[in-house]
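Novice: What follows is query08.txt, compact mmCIF, C-alpha atoms and all ligand atoms.
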# COMPACT_ATOMS: atom_id res chain seq x y z
CA MET A 148 -9.70 -8.95 -18.75
CA SER A 149 -10.82 -6.08 -16.51
CA LYS A 150 -9.38 -2.68 -17.31
CA LEU A 151 -7.19 -1.50 -14.48
CA THR A 152 -7.12 2.00 -13.04
CA LEU A 153 -3.72 3.65 -12.92
CA ARG A 154 -3.58 2.88 -9.17
CA LEU A 155 -4.17 -0.84 -9.72
CA LYS A 156 -1.77 -0.88 -12.67
CA THR A 157 0.93 0.68 -10.49
CA LEU A 158 0.34 -2.00 -7.83
CA LEU A 159 0.38 -4.77 -10.43
CA ASP A 160 3.69 -3.48 -11.82
CA GLU A 161 5.22 -3.64 -8.34
CA LEU A 162 4.27 -7.30 -7.89
CA SER A 163 6.99 -9.79 -8.90
CA PRO A 164 6.47 -13.12 -10.66
CA CYS A 165 5.84 -15.80 -8.01
CA GLN A 166 4.34 -19.23 -7.45
CA THR A 167 1.70 -18.29 -4.88
CA PHE A 168 0.09 -14.92 -4.38
CA ALA A 169 -2.52 -13.59 -1.97
CA ASP A 170 -4.57 -10.44 -2.48
CA VAL A 171 -5.64 -9.56 1.07
CA GLY A 172 -8.83 -7.49 1.01
CA CYS A 173 -9.22 -8.23 -2.70
CA ASP A 174 -12.77 -6.88 -3.17
CA HIS A 175 -13.21 -6.85 -7.02
CA GLY A 176 -10.37 -9.35 -7.66
CA TYR A 177 -8.89 -7.41 -10.61
CA ILE A 178 -5.29 -7.79 -9.43
CA ALA A 179 -5.56 -11.56 -9.02
CA GLU A 180 -7.21 -11.80 -12.45
CA ASN A 181 -4.28 -9.96 -14.03
CA MET A 182 -1.67 -11.97 -12.08
CA LEU A 183 -3.26 -15.24 -13.26
CA LYS A 184 -3.86 -14.13 -16.83
CA SER A 185 -0.30 -12.89 -17.34
CA GLY A 186 1.18 -15.98 -15.63
CA LYS A 187 2.82 -13.72 -13.05
CA CYS A 188 1.57 -16.18 -10.43
CA GLU A 189 0.69 -19.86 -10.65
CA PHE A 190 -1.94 -19.78 -7.92
CA ALA A 191 -3.81 -16.91 -6.27
CA TYR A 192 -5.69 -16.69 -2.99
CA VAL A 193 -8.30 -13.97 -3.06
CA THR A 194 -9.27 -13.08 0.49
CA ASP A 195 -11.60 -10.62 2.13
CA VAL A 196 -13.18 -10.16 5.54
CA SER A 197 -16.49 -9.48 3.78
CA PRO A 198 -18.20 -12.45 2.06
CA VAL A 199 -20.05 -10.01 -0.22
CA CYS A 200 -16.81 -8.37 -1.39
CA LEU A 201 -15.07 -11.73 -1.83
CA GLN A 202 -17.94 -13.02 -3.96
CA LYS A 203 -17.16 -10.33 -6.58
CA ALA A 204 -13.64 -11.75 -6.98
CA VAL A 205 -14.87 -15.36 -7.00
CA ASP A 206 -17.46 -14.54 -9.69
CA LEU A 207 -14.81 -12.79 -11.77
CA LEU A 208 -12.33 -15.68 -11.62
CA SER A 209 -14.61 -18.72 -11.61
CA SER A 210 -15.06 -19.32 -15.33
CA GLU A 211 -11.45 -18.91 -16.54
CA TYR A 212 -9.26 -19.80 -13.58
CA LYS A 213 -10.83 -22.88 -11.95
CA GLY A 214 -8.12 -24.78 -10.05
CA ARG A 215 -5.76 -21.80 -10.05
CA PHE A 216 -7.39 -19.73 -7.32
CA LYS A 217 -9.16 -20.05 -4.00
CA GLY A 218 -11.43 -17.55 -2.27
CA ILE A 219 -11.16 -17.30 1.51
CA VAL A 220 -13.26 -15.21 3.87
CA CYS A 221 -10.80 -14.23 6.59
CA ASP A 222 -9.35 -11.42 8.63
CA GLY A 223 -6.10 -10.23 7.09
CA LEU A 224 -3.45 -12.96 6.81
CA GLN A 225 -5.12 -15.12 9.46
CA GLY A 226 -6.22 -18.33 7.81
CA VAL A 227 -4.36 -17.71 4.55
CA PRO A 228 -1.97 -20.55 3.56
CA LYS A 229 1.70 -19.53 3.26
CA VAL A 230 2.29 -17.61 0.04
CA ASP A 231 5.39 -16.17 -1.61
CA GLN A 232 3.91 -12.76 -2.10
CA ALA A 233 0.95 -10.74 -0.83
CA LEU A 234 -0.74 -7.46 -1.64
CA ILE A 235 -2.53 -5.41 1.01
CA ALA A 236 -3.96 -2.35 -0.71
CA GLY A 237 -6.68 0.25 -0.42
CA MET A 238 -7.01 0.10 3.37
CA GLY A 239 -6.08 2.49 6.16
CA GLY A 240 -2.50 2.32 7.40
CA GLU A 241 -3.53 1.37 10.92
CA LEU A 242 -5.53 -1.58 9.63
CA ILE A 243 -2.55 -2.70 7.52
CA CYS A 244 -0.30 -2.50 10.63
CA ASP A 245 -2.87 -4.54 12.53
CA ILE A 246 -2.98 -7.17 9.78
CA LEU A 247 0.83 -7.47 9.89
CA SER A 248 0.77 -7.77 13.71
CA ARG A 249 -1.86 -10.50 13.73
CA ALA A 250 -0.60 -12.44 10.68
CA ASP A 251 -0.16 -16.22 10.99
CA PHE A 252 2.92 -15.83 8.75
CA LEU A 253 4.66 -13.05 6.84
CA PRO A 254 5.40 -13.66 3.15
CA GLU A 255 8.85 -13.20 1.55
CA ARG A 256 7.53 -10.25 -0.40
CA ILE A 257 4.67 -7.92 0.31
CA VAL A 258 3.32 -4.84 -1.47
CA LEU A 259 1.47 -2.36 0.71
CA GLN A 260 -0.67 0.58 -0.36
CA PRO A 261 -2.15 2.41 2.61
CA MET A 262 -4.82 5.07 2.03
CA LYS A 263 -3.38 7.07 4.95
CA ASN A 264 -0.80 6.79 7.76
CA ALA A 265 1.95 5.60 5.42
CA GLU A 266 4.50 6.59 8.09
CA LYS A 267 3.06 4.02 10.52
CA VAL A 268 3.09 1.35 7.81
CA ARG A 269 6.77 2.00 6.96
CA GLU A 270 7.71 1.74 10.63
CA LYS A 271 5.67 -1.42 11.12
CA ALA A 272 7.13 -3.07 8.00
CA VAL A 273 10.72 -2.39 9.15
CA LYS A 274 9.91 -3.67 12.66
CA SER A 275 8.30 -6.78 11.16
CA GLY A 276 11.60 -7.72 9.49
CA TYR A 277 11.21 -6.24 6.02
CA LYS A 278 13.58 -4.30 3.83
CA LEU A 279 11.68 -1.57 2.02
CA ILE A 280 12.97 -1.85 -1.52
CA LYS A 281 10.65 0.76 -3.02
CA ASP A 282 8.66 3.43 -1.28
CA TYR A 283 7.15 6.27 -3.26
CA THR A 284 4.13 8.49 -3.89
CA PHE A 285 2.17 8.30 -7.14
CA VAL A 286 -0.93 9.96 -8.51
CA ASP A 287 -4.14 8.58 -9.97
CA GLU A 288 -6.51 11.52 -9.50
CA LYS A 289 -5.59 11.28 -5.78
CA PHE A 290 -2.15 10.75 -4.28
CA TYR A 291 -1.16 7.30 -3.03
CA ASP A 292 1.89 5.70 -1.41
CA VAL A 293 3.18 2.29 -2.38
CA ILE A 294 5.64 0.40 -0.18
CA VAL A 295 7.34 -2.69 -1.60
CA CYS A 296 8.88 -4.95 1.05
CA GLU A 297 11.12 -8.00 0.99
CA ARG A 298 12.23 -10.01 4.03
CA GLY A 299 15.46 -8.51 5.38
CA LYS A 300 16.92 -5.91 7.68
CA ASP A 301 16.38 -2.21 7.17
CA SER A 302 16.69 0.97 9.15
CA TYR A 303 14.80 4.12 8.37
CA THR A 304 15.55 7.66 9.57
CA GLN A 305 12.66 9.73 10.94
CA ASP A 306 12.51 11.72 7.67
CA GLU A 307 12.42 8.51 5.62
CA LEU A 308 9.57 7.23 7.80
CA THR A 309 7.64 10.48 7.43
CA PHE A 310 8.17 11.10 3.71
CA GLY A 311 9.22 7.77 2.14
CA ARG A 312 12.80 6.92 1.20
CA ASP A 313 12.43 7.07 -2.60
CA ASN A 314 10.52 10.33 -2.27
CA LEU A 315 13.49 11.88 -0.48
CA ARG A 316 15.96 10.44 -3.00
CA TYR A 317 14.17 11.15 -6.25
CA LYS A 318 11.50 13.72 -5.39
CA ASN A 319 9.23 12.62 -8.19
CA PRO A 320 6.57 15.07 -9.45
CA ALA A 321 3.74 13.46 -7.43
CA PHE A 322 5.71 13.80 -4.18
CA ARG A 323 6.67 17.40 -5.06
CA GLN A 324 2.99 18.21 -5.61
CA VAL A 325 2.03 16.70 -2.23
CA ILE A 326 4.63 18.76 -0.38
CA GLU A 327 3.94 21.94 -2.34
CA LYS A 328 0.25 21.55 -1.52
CA LYS A 329 1.05 21.15 2.20
CA ILE A 330 3.16 24.32 2.11
CA GLN A 331 0.36 26.20 0.33
CA VAL A 332 -2.27 25.08 2.86
CA LEU A 333 -0.09 26.22 5.76
CA LYS A 334 0.73 29.56 4.11
CA THR A 335 -2.96 30.25 3.46
CA ALA A 336 -3.85 29.48 7.09
CA LEU A 337 -0.99 31.51 8.63
CA PRO A 338 -2.79 34.88 8.90
CA ASN A 339 -5.58 33.37 11.03
CA MET A 340 -3.31 31.47 13.40
CA THR A 341 -2.35 32.27 16.98
CA GLU A 342 1.28 33.21 17.55
CA ILE A 343 2.15 29.73 18.85
CA ASP A 344 0.44 27.92 15.99
CA SER A 345 1.99 30.26 13.47
CA ALA A 346 5.49 29.57 14.85
CA THR A 347 4.87 25.82 14.51
CA ALA A 348 3.47 26.25 11.00
CA LYS A 349 6.47 28.34 9.92
CA LYS A 350 8.84 25.63 11.16
CA GLN A 351 6.83 23.06 9.23
CA ILE A 352 7.00 25.19 6.08
CA GLU A 353 10.78 25.46 6.54
CA LYS A 354 11.03 21.69 6.91
CA TYR A 355 8.99 21.03 3.77
CA THR A 356 10.99 23.61 1.82
CA GLU A 357 14.25 22.03 2.99
CA ILE A 358 12.99 18.59 1.91
CA LEU A 359 12.14 19.88 -1.56
CA ASN A 360 15.45 21.69 -2.01
CA LYS A 361 17.82 19.10 -0.50
C1 LIG A 401 -11.38 -0.26 -0.45
S1 LIG A 401 -11.31 -1.97 -0.66
C2 LIG A 401 -9.78 -2.18 -1.52
C3 LIG A 401 -9.86 -3.28 -2.49
C4 LIG A 401 -8.56 -3.59 -3.24
N1 LIG A 401 -7.57 -4.15 -2.34
C5 LIG A 401 -8.01 -2.36 -3.91
O1 LIG A 401 -6.95 -1.88 -3.51
O2 LIG A 401 -8.68 -1.87 -4.85
C6 LIG A 401 -10.92 -2.61 0.93
C7 LIG A 401 -11.27 -4.08 1.06
O3 LIG A 401 -10.60 -4.59 2.23
C8 LIG A 401 -11.50 -5.45 2.89
N2 LIG A 401 -11.06 -5.56 4.28
C9 LIG A 401 -11.21 -4.66 5.28
N3 LIG A 401 -10.65 -5.12 6.42
C10 LIG A 401 -10.13 -6.34 6.14
C11 LIG A 401 -9.45 -7.33 6.89
N4 LIG A 401 -9.17 -7.15 8.19
N5 LIG A 401 -9.07 -8.48 6.28
C12 LIG A 401 -9.36 -8.68 4.96
N6 LIG A 401 -10.02 -7.77 4.20
C13 LIG A 401 -10.40 -6.63 4.77
C14 LIG A 401 -12.86 -4.80 2.68
O4 LIG A 401 -13.91 -5.72 2.89
C15 LIG A 401 -12.74 -4.32 1.24
O5 LIG A 401 -13.16 -5.29 0.31
Please express the file's structure as structure tokens.
Specialist:
Amino acid sequence: MSKLTLRLKTLLDELSPCQTFADVGCDHGYIAENMLKSGKCEFAYVTDVSPVCLQKAVDLLSSEYKGRFKGIVCDGLQGVPKVDQALIAGMGGELICDILSRADFLPERIVLQPMKNAEKVREKAVKSGYKLIKDYTFVDEKFYDVIVCERGKDSYTQDELTFGRDNLRYKNPAFRQVIEKKIQVLKTALPNMTEIDSATAKKQIEKYTEILNK
């Protein structure tokens, strides 16, 4: 079985056991391989908009998992049969929002890992009828956000949208590092800023400090 990076392992851990699973934008196919191998899903759809990327997953799964997976070249969730659970990871937040907007269906459970614009993804997930059951920052050389959603009602405050609800509640070390880094960047830039920019930056520093100390 392929060795997973810490990022992929974190995503795998956030996926629940299910009958049918789709990895949207699967590329290498490592997550589907692990889901099938561990029996965490009965059947996996590996999908990608790029035939070349999809072929990597198909090649990986073909010998051991014949009859338990299907590869589909498609755009997002368009053309994917209804599944219990989906993963959309390693893409920009705006693309993930787009995929949710254009989806033929929305699964009961979905795990999202945007590379940026996590705030937009949180907002879109809530508007799409999901409850965000986990939402936190983690580190694997770089910092990432993972957002675990289940069908249901939710309402997020502006701070929760901006920072992530679990980050505000638990302030794990990865989140602390992200915010401390933002404060440091602003403090370093302050001396070269105009008066107006410096006033805005100081307010931002205050906000970040308040978030860390709340
Ligand atoms: C950086 S890779 C991430 C692969 C894997 N999901 C991960 O997290 O390691 C992004 C993949 O998403 C695919 N992709 C981009 N836009 C897509 C779309 N609209 N629908 C499906 N796949 C897409 C790309 O072809 C690429 O294989």
Novice: Compute the set of protein, DNA and RNA residues whose minimum atom distance to ligand LIG 401 (chain A) is at most 9 Å, using only C-alpha atoms and all ligand atoms, and state it as an NGL selection string.
Specialist: :A and (154-155 or 158 or 170-178 or 194-201 or 220-225 or 234-239 or 242-243 or 245-246 or 260-262)
Novice: Mind checking which residues fall within 10 Å of Ile358 in chain A, counting only C-alpha atoms, ignoring those fewer than 5 positions away in the same chain, and posting them as a ChimeraX atom specification?
Specialist: /A:306,310,314-316,318,323,326,352-353
Novice: Can you write out the residues you just picked, keeping C-alpha atoms, as a tab-separated table (two decimals), keeping the file's coordinate frame?
Specialist:
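As written to disk, selection-v8.tsv reads:
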chain	number	residue	atom	x	y	z
A	306	ASP	CA	12.51	11.72	7.67
A	310	PHE	CA	8.17	11.10	3.71
A	314	ASN	CA	10.52	10.33	-2.27
A	315	LEU	CA	13.49	11.88	-0.48
A	316	ARG	CA	15.96	10.44	-3.00
A	318	LYS	CA	11.50	13.72	-5.39
A	323	ARG	CA	6.67	17.40	-5.06
A	326	ILE	CA	4.63	18.76	-0.38
A	352	ILE	CA	7.00	25.19	6.08
A	353	GLU	CA	10.78	25.46	6.54
Novice: One number please: CA of Val193 in chain A to CA of Gly218 in chain A, in Å, one decimal.
Specialist: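 Taking CA of Val193 in chain A and CA of Gly218 in chain A, their separation equals 4.8 Å.
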Novice: As a list of chain:residue names, please: the residues near Asp292 in chain A (cut-off 9 Å, all atoms listed in the file, same-chain neighbours under 2 positions excluded).
Specialist: A:Leu259, A:Gln260, A:Pro261, A:Met262, A:Lys263, A:Ala265, A:Asp282, A:Tyr283, A:Thr284, A:Phe285, A:Val286, A:Phe290, A:Ile294, A:Gly311
Novice: So the first atom is CA of Lys300 in chain A and the second is CA of Val268 in chain A; what is the distance between them in Å, to one decimal place?
Specialist: 15.6 Å
Novice: Find the residues around Pro254 in chain A up to 12 Å (only C-alpha atoms counted), leave out those fewer than 3 positions away in its own chain, and share them as a PDB file with C-alpha atoms, in the frame of the given file.
Specialist:
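Output contents, as saved in out-v1.pdb:
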ATOM      1  CA  CYS A 165       5.840 -15.800  -8.010  1.00  0.00           C
ATOM      2  CA  THR A 167       1.700 -18.290  -4.880  1.00  0.00           C
ATOM      3  CA  PHE A 168       0.090 -14.920  -4.380  1.00  0.00           C
ATOM      4  CA  ALA A 169      -2.520 -13.590  -1.970  1.00  0.00           C
ATOM      5  CA  ASP A 170      -4.570 -10.440  -2.480  1.00  0.00           C
ATOM      6  CA  VAL A 171      -5.640  -9.560   1.070  1.00  0.00           C
ATOM      7  CA  LEU A 224      -3.450 -12.960   6.810  1.00  0.00           C
ATOM      8  CA  VAL A 227      -4.360 -17.710   4.550  1.00  0.00           C
ATOM      9  CA  PRO A 228      -1.970 -20.550   3.560  1.00  0.00           C
ATOM     10  CA  LYS A 229       1.700 -19.530   3.260  1.00  0.00           C
ATOM     11  CA  VAL A 230       2.290 -17.610   0.040  1.00  0.00           C
ATOM     12  CA  ASP A 231       5.390 -16.170  -1.610  1.00  0.00           C
ATOM     13  CA  GLN A 232       3.910 -12.760  -2.100  1.00  0.00           C
ATOM     14  CA  ALA A 233       0.950 -10.740  -0.830  1.00  0.00           C
ATOM     15  CA  LEU A 234      -0.740  -7.460  -1.640  1.00  0.00           C
ATOM     16  CA  ILE A 235      -2.530  -5.410   1.010  1.00  0.00           C
ATOM     17  CA  LEU A 247       0.830  -7.470   9.890  1.00  0.00           C
ATOM     18  CA  ALA A 250      -0.600 -12.440  10.680  1.00  0.00           C
ATOM     19  CA  ASP A 251      -0.160 -16.220  10.990  1.00  0.00           C
ATOM     20  CA  ILE A 257       4.670  -7.920   0.310  1.00  0.00           C
ATOM     21  CA  VAL A 258       3.320  -4.840  -1.470  1.00  0.00           C
ATOM     22  CA  ALA A 272       7.130  -3.070   8.000  1.00  0.00           C
ATOM     23  CA  SER A 275       8.300  -6.780  11.160  1.00  0.00           C
ATOM     24  CA  GLY A 276      11.600  -7.720   9.490  1.00  0.00           C
ATOM     25  CA  TYR A 277      11.210  -6.240   6.020  1.00  0.00           C
ATOM     26  CA  CYS A 296       8.880  -4.950   1.050  1.00  0.00           C
ATOM     27  CA  GLU A 297      11.120  -8.000   0.990  1.00  0.00           C
ATOM     28  CA  ARG A 298      12.230 -10.010   4.030  1.00  0.00           C
ATOM     29  CA  GLY A 299      15.460  -8.510   5.380  1.00  0.00           C
TER      30      GLY A 299
END
Novice: Of the candidates A:Ala191, A:Leu279, A:Glu241, A:Arg215, which shows the shortest atom-to-atom distance to Glu255 in chain A, using all atoms listed in the file?
Specialist: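 The shortest atom-to-atom distance to Glu255 in chain A comes from A:Leu279.
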Novice: Which value, in Å to one decimal, gives the distance between CA of Leu333 in chain A and CA of Ala348 in chain A?
Specialist: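 Calculated distance between CA of Leu333 in chain A and CA of Ala348 in chain A is 6.3 Å.
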Novice: Which residues come within 10 Å of Lys334 in chain A, counting all atoms listed in the file, excluding same-chain residues fewer than 2 positions away, as a compact mmCIF listing (two decimals) with C-alpha atoms, keeping the file's coordinate frame?
Specialist:
# COMPACT_ATOMS: atom_id res chain seq x y z
CA LYS A 328 0.25 21.55 -1.52
CA LYS A 329 1.05 21.15 2.20
CA ILE A 330 3.16 24.32 2.11
CA GLN A 331 0.36 26.20 0.33
CA VAL A 332 -2.27 25.08 2.86
CA ALA A 336 -3.85 29.48 7.09
CA LEU A 337 -0.99 31.51 8.63
CA PRO A 338 -2.79 34.88 8.90
CA SER A 345 1.99 30.26 13.47
CA ALA A 348 3.47 26.25 11.00
CA LYS A 349 6.47 28.34 9.92
CA ILE A 352 7.00 25.19 6.08
Novice: Nearest residue to Pro164 in chain A out of A:Asn264, A:Asn319, A:Thr152, A:Asn181, using all atoms listed in the file?
Specialist: A:Asn181
Novice: Which is closest to Leu153 in chain A among A:Arg249, A:Arg312, A:Lys289, A:Arg256, if we use only C-alpha atoms?
Specialist: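 Among the listed residues, the smallest separation from Leu153 in chain A belongs to A:Lys289.
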Novice: Would you please work out which residue, of A:Thr341, A:Gln202, A:Ser302, A:Ser163, is nearest to Cys188 in chain A when using only C-alpha atoms?
Specialist: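 Ranking A:Thr341, A:Gln202, A:Ser302, A:Ser163 by distance to Cys188 in chain A, first place goes to A:Ser163.
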Novice: May I ask which of the residues A:Asp344, A:Ser210, A:Val273, A:Lys156 is the closest one to Asp287 in chain A, counting only C-alpha atoms?
Specialist: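 The answer is A:Lys156, which sits nearest to Asp287 in chain A.
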